[in-house]
Amino acid sequence: MLLFLSQEAEARPRPGAAAAGLGPAPGMAVCGEAVGAGSLPSELVVHIFSFLAGPDRLRASAACSHWRECLFYPALWPRLRLSLRVSPAERPRLDFLMRKCGWFVRELRVQFAADNYPGGGGVCEGAAAAAEGETPLCPRWLDLLRTYLELVLCVLNSVRNNRNLQKLSLFGDISILQQHGSISNTYLGKVDPDGKKIKQIQQLFEEILGNSRQLKWLSCGFMLQIVTPTSLSSLSNPIANTMEHLSLLDNHIPGNTTLITAVELERFVNLRSLALDFCDFTAEMARVLADSNHVPLHRLSLLVHKISIMHKSLENMPEDENWKALTRNSTNLRVYIMAFDIKNDDMLRILKPSIPLERIHFDSYITCVSGAVVDLISRQYDKFLTHFILMNDVIDMSGFPDLSDNRNEDPLVLLAWRCTRLSLLAVHGYTVWAHNLIAIARLRGSDLKVLEVTEESIDFDQGELADQDVDPVHNLIEQVSLGLGRPWHAVMDLELLSVFTEPTRHFYREMQSFSEGI
């Protein structure tokens, strides 16, 4: 392409050549002939596109048909990241894009973002379901589930023969369709008679794995039974041996079925990051990863869900000696735990002292986290903990739970004091006293990069409210801002706090960046 430019420079007419009647120099267009962007060679157009962001390329491709033909040159789209609304309107656009890029894209990340879920309006199909003791689903919900299956089929069909695929990440945000954490076969049967589409999706997924020749990153979260216990057997040994990241998160798996066993994990000797349901991560798996034949594990993300604990057992979870052996082989290992509605007694069993816990996220709808659990975390993981998220959506007319009840010190203040690496603290649905919030800001200072506390979670003691000379809210904002060394305000609109409104999507997104941050 540089050679082409130099040739154009040599082809410029000499001064006075036209006046001498010598005519245009070779390679120059005669007056009246069409010249412009459309006459540029494809290689040069592609080179120009390579300097533009994706949206700008799309706008530039509208210049002419020649530029539109150059838009989907494989080198321009090594990575494709899509966030799809679960809507029939997405299907034509998705068909076009995947038809153009699906066969060559090297990194594909798709989020099926269900931001258009119905808010409960409409007539529900309740008679038969209610008679069987099931929660009825609204027709619009069933339409969304039907559309979701069609979009998944479209994506998987387009990459089934792509042998260049190196990263595949799929996330299905369909949590609002879950009743108590799962979607029954009866509901699926209404949109997928005989389970044909689910089986087709599973077969396509296994076909993609079987055809892969360069796959290094496989991540599948909440994708409604796309992964089965036999899916990973489709991977050839050479691909499994070189896989660097594996994420299998799906709380729709029936009974005590696991997506990967310790025996299967032995093939993944080069794994550097792993994300699993906590109940699937057994003591035997920890022993496999601690073996000297495996490269050191750097990132481990674990999802602890009440549904999994109901159907599976904690008896096979790693004990403290298993964690010690694992950290001896993987000295840089860091762990990220997301806990959905877990009983405090279960959390106290799960949190072994030797876990190198860097991030923990609690999300509760029924069970509130106790001060004892927070205190244990601050004592055991003071050298590792950087992220602490505490979310509660329990409807309690008596008010938010107070972690500092019957305690000399507030557990959140102790957390800020002990955990010197703490950089993110987010709280909603638990009482945070204003003076404790000021103490947290002063203890951690500018090292606390994110401090998100919702306005309704903050409370003031009677002494602060009785002082007529000081506005307690203004004083709180001023003192916390001084402690952090930057302007600070409480979170006024809960809907803007994605960690609360979209906990599974937040966890999956954070897990991805956590795993990539090796």
# chains A, B, ... in the order shown; residues from 1 in each chain; ligands from 1

call {"tool": "residues_around", "arguments": {"residues": "A:Val110", "least_positions_apart": "6", "cutoff": "8 Å", "atoms": "only C-alpha atoms", "output": "ChimeraX atom specification"}}
result
/A:81-84,169-171

call {"tool": "residues_around", "arguments": {"residues": "A:Phe388", "least_positions_apart": "5", "cutoff": "8 Å", "atoms": "only C-alpha atoms", "output": "CSV table (one decimal) with N, CA and C atoms, in the first residue's frame"}}
result
chain,number,residue,atom,x,y,z
A,359,ARG,N,-12.4,-10.9,46.1
A,359,ARG,CA,-13.7,-10.3,45.9
A,359,ARG,C,-14.8,-11.1,46.4
A,360,ILE,N,-15.8,-10.5,47.0
A,360,ILE,CA,-17.0,-11.2,47.4
A,360,ILE,C,-18.2,-10.3,47.3
A,361,HIS,N,-19.3,-10.9,46.8
A,361,HIS,CA,-20.5,-10.2,46.4
A,361,HIS,C,-21.7,-10.9,47.0
A,422,LEU,N,-8.6,-2.8,50.5
A,422,LEU,CA,-10.0,-2.6,50.0
A,422,LEU,C,-10.1,-1.4,49.1
A,424,LEU,N,-13.0,-1.2,46.8
A,424,LEU,CA,-14.4,-1.1,46.4
A,424,LEU,C,-15.4,-1.6,47.5
A,425,LEU,N,-16.3,-0.7,47.9
A,425,LEU,CA,-17.3,-1.1,48.9
A,425,LEU,C,-18.6,-0.6,48.4
A,426,ALA,N,-19.6,-1.5,48.3
A,426,ALA,CA,-21.0,-1.1,47.8
A,426,ALA,C,-22.0,-1.7,48.8

call {"tool": "atom_distance", "arguments": {"atom1": "atom CA of A:Thr228", "atom2": "atom CA of A:Ala240"}}
result
16.5 Å

call {"tool": "residues_around", "arguments": {"residues": "A:Ala441", "least_positions_apart": "3", "cutoff": "8 Å", "atoms": "only C-alpha atoms", "output": "ChimeraX atom specification"}}
result
/A:437-438,444-445,448,480-481,483-484

call {"tool": "write_last_selection", "arguments": {"atoms": "C-alpha atoms", "output": "PDB file, in the first residue's frame"}}
result
ATOM      1  CA  LEU A 437     -19.523   5.845  56.935  1.00  0.00           C
ATOM      2  CA  ILE A 438     -17.285   8.798  57.798  1.00  0.00           C
ATOM      3  CA  ARG A 444      -9.256   3.924  53.643  1.00  0.00           C
ATOM      4  CA  GLY A 445      -8.930   7.422  52.190  1.00  0.00           C
ATOM      5  CA  LEU A 448     -11.050   3.329  48.414  1.00  0.00           C
ATOM      6  CA  VAL A 480     -16.838  11.573  53.555  1.00  0.00           C
ATOM      7  CA  SER A 481     -15.554  13.690  50.665  1.00  0.00           C
ATOM      8  CA  GLY A 483     -11.867  11.415  53.942  1.00  0.00           C
ATOM      9  CA  LEU A 484     -11.784  10.083  50.368  1.00  0.00           C
TER      10      LEU A 484
END

call {"tool": "select_by_dssp", "arguments": {"residues": "stretch 233-435 of chain A", "states": "strand (DSSP E)", "output": "number ranges by chain"}}
result
A: 245-249, 273-277, 299-305, 334-340, 357-364, 387-392, 424-428, 432-433

call {"tool": "closest_residue", "arguments": {"among": "A:Leu209, A:Leu348, A:Tyr73, A:Leu218", "to": "A:Ser234", "atoms": "only C-alpha atoms"}}
result
A:Leu209

call {"tool": "residues_around", "arguments": {"residues": "A:Ser515", "least_positions_apart": "3", "cutoff": "8 Å", "atoms": "only C-alpha atoms", "output": "NGL selection string"}}
result
:A and (245 or 273-274 or 299-300 or 511-512 or 518)

call {"tool": "closest_atom_pairs", "arguments": {"of": "stretch 408-435 of chain A", "to": "stretch 455-462 of chain A", "cutoff": "10 Å", "atoms": "only C-alpha atoms", "output": "Markdown table"}}
result
| residue | atom | partner | partner_atom | distance |
| --- | --- | --- | --- | --- |
| A:Val427 | CA | A:Ser457 | CA | 7.7 |
| A:His428 | CA | A:Ser457 | CA | 5.9 |
| A:Gly429 | CA | A:Ser457 | CA | 5.8 |
| A:Tyr430 | CA | A:Ser457 | CA | 5.8 |
| A:Thr431 | CA | A:Ser457 | CA | 5.0 |
| A:Val432 | CA | A:Ile458 | CA | 4.9 |
| A:Trp433 | CA | A:Asp459 | CA | 4.9 |
| A:Ala434 | CA | A:Phe460 | CA | 5.5 |
| A:His435 | CA | A:Phe460 | CA | 7.7 |

call {"tool": "write_last_selection", "arguments": {"atoms": "all heavy atoms", "output": "PDB file, in the first residue's frame"}}
result
ATOM      1  N   VAL A 427     -22.910  -0.921  49.255  1.00  0.00           N
ATOM      2  CA  VAL A 427     -23.891  -1.411  50.237  1.00  0.00           C
ATOM      3  C   VAL A 427     -25.273  -0.881  49.887  1.00  0.00           C
ATOM      4  O   VAL A 427     -25.444   0.314  49.605  1.00  0.00           O
ATOM      5  CB  VAL A 427     -23.517  -0.966  51.673  1.00  0.00           C
ATOM      6  CG1 VAL A 427     -24.534  -1.522  52.674  1.00  0.00           C
ATOM      7  CG2 VAL A 427     -22.110  -1.408  52.045  1.00  0.00           C
ATOM      8  N   HIS A 428     -26.249  -1.771  49.928  1.00  0.00           N
ATOM      9  CA  HIS A 428     -27.653  -1.383  49.849  1.00  0.00           C
ATOM     10  C   HIS A 428     -28.476  -2.368  50.669  1.00  0.00           C
ATOM     11  O   HIS A 428     -28.229  -3.578  50.654  1.00  0.00           O
ATOM     12  CB  HIS A 428     -28.180  -1.392  48.414  1.00  0.00           C
ATOM     13  CG  HIS A 428     -29.676  -1.276  48.362  1.00  0.00           C
ATOM     14  ND1 HIS A 428     -30.348  -0.115  48.670  1.00  0.00           N
ATOM     15  CD2 HIS A 428     -30.646  -2.217  48.111  1.00  0.00           C
ATOM     16  CE1 HIS A 428     -31.653  -0.324  48.592  1.00  0.00           C
ATOM     17  NE2 HIS A 428     -31.860  -1.586  48.251  1.00  0.00           N
ATOM     18  N   GLY A 429     -29.467  -1.844  51.378  1.00  0.00           N
ATOM     19  CA  GLY A 429     -30.394  -2.711  52.099  1.00  0.00           C
ATOM     20  C   GLY A 429     -29.929  -3.081  53.491  1.00  0.00           C
ATOM     21  O   GLY A 429     -30.579  -3.885  54.156  1.00  0.00           O
ATOM     22  N   TYR A 430     -28.837  -2.500  53.960  1.00  0.00           N
ATOM     23  CA  TYR A 430     -28.354  -2.669  55.329  1.00  0.00           C
ATOM     24  C   TYR A 430     -28.143  -1.279  55.923  1.00  0.00           C
ATOM     25  O   TYR A 430     -27.704  -0.356  55.222  1.00  0.00           O
ATOM     26  CB  TYR A 430     -27.038  -3.448  55.365  1.00  0.00           C
ATOM     27  CG  TYR A 430     -27.177  -4.887  54.946  1.00  0.00           C
ATOM     28  CD1 TYR A 430     -27.139  -5.238  53.603  1.00  0.00           C
ATOM     29  CD2 TYR A 430     -27.354  -5.899  55.886  1.00  0.00           C
ATOM     30  CE1 TYR A 430     -27.266  -6.558  53.203  1.00  0.00           C
ATOM     31  CE2 TYR A 430     -27.485  -7.225  55.494  1.00  0.00           C
ATOM     32  CZ  TYR A 430     -27.447  -7.549  54.150  1.00  0.00           C
ATOM     33  OH  TYR A 430     -27.580  -8.852  53.757  1.00  0.00           O
ATOM     34  N   THR A 431     -28.431  -1.118  57.196  1.00  0.00           N
ATOM     35  CA  THR A 431     -28.263   0.185  57.834  1.00  0.00           C
ATOM     36  C   THR A 431     -26.785   0.528  57.945  1.00  0.00           C
ATOM     37  O   THR A 431     -25.995  -0.245  58.501  1.00  0.00           O
ATOM     38  CB  THR A 431     -28.898   0.196  59.235  1.00  0.00           C
ATOM     39  OG1 THR A 431     -30.302  -0.050  59.110  1.00  0.00           O
ATOM     40  CG2 THR A 431     -28.676   1.530  59.920  1.00  0.00           C
ATOM     41  N   VAL A 432     -26.433   1.677  57.397  1.00  0.00           N
ATOM     42  CA  VAL A 432     -25.077   2.198  57.522  1.00  0.00           C
ATOM     43  C   VAL A 432     -25.179   3.522  58.267  1.00  0.00           C
ATOM     44  O   VAL A 432     -25.720   4.499  57.733  1.00  0.00           O
ATOM     45  CB  VAL A 432     -24.410   2.402  56.147  1.00  0.00           C
ATOM     46  CG1 VAL A 432     -22.978   2.919  56.318  1.00  0.00           C
ATOM     47  CG2 VAL A 432     -24.400   1.105  55.351  1.00  0.00           C
ATOM     48  N   TRP A 433     -24.680   3.564  59.501  1.00  0.00           N
ATOM     49  CA  TRP A 433     -24.755   4.786  60.295  1.00  0.00           C
ATOM     50  C   TRP A 433     -23.800   5.824  59.731  1.00  0.00           C
ATOM     51  O   TRP A 433     -22.692   5.511  59.302  1.00  0.00           O
ATOM     52  CB  TRP A 433     -24.439   4.499  61.759  1.00  0.00           C
ATOM     53  CG  TRP A 433     -25.480   3.623  62.390  1.00  0.00           C
ATOM     54  CD1 TRP A 433     -25.418   2.277  62.580  1.00  0.00           C
ATOM     55  CD2 TRP A 433     -26.762   4.042  62.859  1.00  0.00           C
ATOM     56  NE1 TRP A 433     -26.583   1.819  63.146  1.00  0.00           N
ATOM     57  CE2 TRP A 433     -27.433   2.885  63.337  1.00  0.00           C
ATOM     58  CE3 TRP A 433     -27.419   5.267  62.937  1.00  0.00           C
ATOM     59  CZ2 TRP A 433     -28.712   2.927  63.871  1.00  0.00           C
ATOM     60  CZ3 TRP A 433     -28.703   5.316  63.474  1.00  0.00           C
ATOM     61  CH2 TRP A 433     -29.332   4.151  63.944  1.00  0.00           C
ATOM     62  N   ALA A 434     -24.243   7.078  59.739  1.00  0.00           N
ATOM     63  CA  ALA A 434     -23.469   8.159  59.122  1.00  0.00           C
ATOM     64  C   ALA A 434     -22.069   8.264  59.704  1.00  0.00           C
ATOM     65  O   ALA A 434     -21.081   8.413  58.970  1.00  0.00           O
ATOM     66  CB  ALA A 434     -24.216   9.484  59.287  1.00  0.00           C
ATOM     67  N   HIS A 435     -21.951   8.171  61.048  1.00  0.00           N
ATOM     68  CA  HIS A 435     -20.630   8.304  61.663  1.00  0.00           C
ATOM     69  C   HIS A 435     -19.720   7.133  61.278  1.00  0.00           C
ATOM     70  O   HIS A 435     -18.501   7.288  61.176  1.00  0.00           O
ATOM     71  CB  HIS A 435     -20.738   8.434  63.184  1.00  0.00           C
ATOM     72  CG  HIS A 435     -21.406   7.267  63.853  1.00  0.00           C
ATOM     73  ND1 HIS A 435     -22.776   7.192  64.012  1.00  0.00           N
ATOM     74  CD2 HIS A 435     -20.904   6.125  64.390  1.00  0.00           C
ATOM     75  CE1 HIS A 435     -23.102   6.070  64.646  1.00  0.00           C
ATOM     76  NE2 HIS A 435     -21.978   5.395  64.872  1.00  0.00           N
TER      77      HIS A 435
END

call {"tool": "atom_distance", "arguments": {"atom1": "atom CA of A:Ala60", "atom2": "atom CA of A:Asn157"}}
result
29.0 Å

call {"tool": "select_by_dssp", "arguments": {"residues": "stretch 354-489 of chain A", "states": "alpha helix (DSSP H)", "output": "PyMOL selection string"}}
result
chain A and resi 371-380+411-418+434-444+462-466+472-484

call {"tool": "write_last_selection", "arguments": {"atoms": "C-alpha atoms", "output": "PDB file, in the first residue's frame"}}
result
ATOM      1  CA  GLY A 371     -22.451  -9.304  61.181  1.00  0.00           C
ATOM      2  CA  ALA A 372     -20.618 -12.513  62.146  1.00  0.00           C
ATOM      3  CA  VAL A 373     -20.031 -13.362  58.457  1.00  0.00           C
ATOM      4  CA  VAL A 374     -18.728  -9.858  57.689  1.00  0.00           C
ATOM      5  CA  ASP A 375     -16.475 -10.000  60.754  1.00  0.00           C
ATOM      6  CA  LEU A 376     -15.094 -13.405  59.695  1.00  0.00           C
ATOM      7  CA  ILE A 377     -14.310 -12.081  56.215  1.00  0.00           C
ATOM      8  CA  SER A 378     -12.437  -9.062  57.582  1.00  0.00           C
ATOM      9  CA  ARG A 379     -10.353 -11.250  59.913  1.00  0.00           C
ATOM     10  CA  GLN A 380      -9.528 -14.079  57.507  1.00  0.00           C
ATOM     11  CA  PRO A 411     -18.372  -4.879  61.144  1.00  0.00           C
ATOM     12  CA  LEU A 412     -18.088  -2.628  58.079  1.00  0.00           C
ATOM     13  CA  VAL A 413     -15.761  -0.245  59.938  1.00  0.00           C
ATOM     14  CA  LEU A 414     -13.650  -3.207  61.049  1.00  0.00           C
ATOM     15  CA  LEU A 415     -13.602  -4.414  57.453  1.00  0.00           C
ATOM     16  CA  ALA A 416     -12.226  -1.044  56.312  1.00  0.00           C
ATOM     17  CA  TRP A 417      -9.680  -1.047  59.131  1.00  0.00           C
ATOM     18  CA  ARG A 418      -8.392  -4.607  58.695  1.00  0.00           C
ATOM     19  CA  ALA A 434     -23.469   8.159  59.122  1.00  0.00           C
ATOM     20  CA  HIS A 435     -20.630   8.304  61.663  1.00  0.00           C
ATOM     21  CA  ASN A 436     -19.502   4.811  60.582  1.00  0.00           C
ATOM     22  CA  LEU A 437     -19.523   5.845  56.935  1.00  0.00           C
ATOM     23  CA  ILE A 438     -17.285   8.798  57.798  1.00  0.00           C
ATOM     24  CA  ALA A 439     -14.964   6.447  59.690  1.00  0.00           C
ATOM     25  CA  ILE A 440     -14.723   4.109  56.679  1.00  0.00           C
ATOM     26  CA  ALA A 441     -13.820   7.028  54.388  1.00  0.00           C
ATOM     27  CA  ARG A 442     -11.137   8.232  56.783  1.00  0.00           C
ATOM     28  CA  LEU A 443      -9.655   4.763  57.314  1.00  0.00           C
ATOM     29  CA  ARG A 444      -9.256   3.924  53.643  1.00  0.00           C
ATOM     30  CA  GLN A 462     -30.286  11.069  67.574  1.00  0.00           C
ATOM     31  CA  GLY A 463     -27.357  13.270  68.547  1.00  0.00           C
ATOM     32  CA  GLU A 464     -26.642  14.194  64.927  1.00  0.00           C
ATOM     33  CA  LEU A 465     -30.297  14.950  64.247  1.00  0.00           C
ATOM     34  CA  ALA A 466     -30.687  17.011  67.451  1.00  0.00           C
ATOM     35  CA  PRO A 472     -26.448  16.152  59.118  1.00  0.00           C
ATOM     36  CA  VAL A 473     -26.725  15.310  55.410  1.00  0.00           C
ATOM     37  CA  HIS A 474     -24.450  18.164  54.333  1.00  0.00           C
ATOM     38  CA  ASN A 475     -21.982  17.292  57.108  1.00  0.00           C
ATOM     39  CA  LEU A 476     -21.936  13.624  56.026  1.00  0.00           C
ATOM     40  CA  ILE A 477     -21.222  14.515  52.389  1.00  0.00           C
ATOM     41  CA  GLU A 478     -18.513  16.972  53.425  1.00  0.00           C
ATOM     42  CA  GLN A 479     -16.757  14.616  55.860  1.00  0.00           C
ATOM     43  CA  VAL A 480     -16.838  11.573  53.555  1.00  0.00           C
ATOM     44  CA  SER A 481     -15.554  13.690  50.665  1.00  0.00           C
ATOM     45  CA  LEU A 482     -12.689  14.958  52.853  1.00  0.00           C
ATOM     46  CA  GLY A 483     -11.867  11.415  53.942  1.00  0.00           C
ATOM     47  CA  LEU A 484     -11.784  10.083  50.368  1.00  0.00           C
TER      48      LEU A 484
END

call {"tool": "closest_residue", "arguments": {"among": "A:Glu107, A:Glu495, A:Glu284, A:Glu244", "to": "A:Ala262", "atoms": "only C-alpha atoms"}}
result
A:Glu284

call {"tool": "residues_around", "arguments": {"residues": "stretch 314-327 of chain A", "least_positions_apart": "6", "cutoff": "12 Å", "atoms": "only C-alpha atoms", "output": "NGL selection string"}}
result
:A and (256 or 262 or 277-292 or 294-300 or 302 or 304-306 or 308 or 333-335 or 345-357)

call {"tool": "residues_around", "arguments": {"residues": "A:Val105", "least_positions_apart": "6", "cutoff": "10 Å", "atoms": "only C-alpha atoms", "output": "list in words"}}
result
Pro74, Ala75, Leu76, Trp77, Pro78, Arg79, Leu80, Met98, Val159, Asn162, Arg163, Asn164, Leu165, Gln166, Lys167 and Leu168 of chain A

call {"tool": "write_last_selection", "arguments": {"atoms": "C-alpha atoms", "output": "CSV table (one decimal), in the first residue's frame"}}
result
chain,number,residue,atom,x,y,z
A,74,PRO,CA,-11.8,-10.4,8.0
A,75,ALA,CA,-8.8,-8.5,9.3
A,76,LEU,CA,-11.1,-5.6,10.4
A,77,TRP,CA,-13.2,-7.7,12.7
A,78,PRO,CA,-11.0,-10.0,14.7
A,79,ARG,CA,-13.3,-9.3,17.8
A,80,LEU,CA,-17.1,-9.0,17.8
A,98,MET,CA,-23.3,-13.1,11.8
A,159,VAL,CA,-19.9,-20.0,14.0
A,162,ASN,CA,-15.3,-21.4,12.4
A,163,ARG,CA,-11.9,-23.0,13.0
A,164,ASN,CA,-10.2,-19.6,13.8
A,165,LEU,CA,-12.3,-19.0,16.9
A,166,GLN,CA,-10.0,-18.3,19.9
A,167,LYS,CA,-12.5,-16.8,22.4
A,168,LEU,CA,-16.1,-17.7,22.8
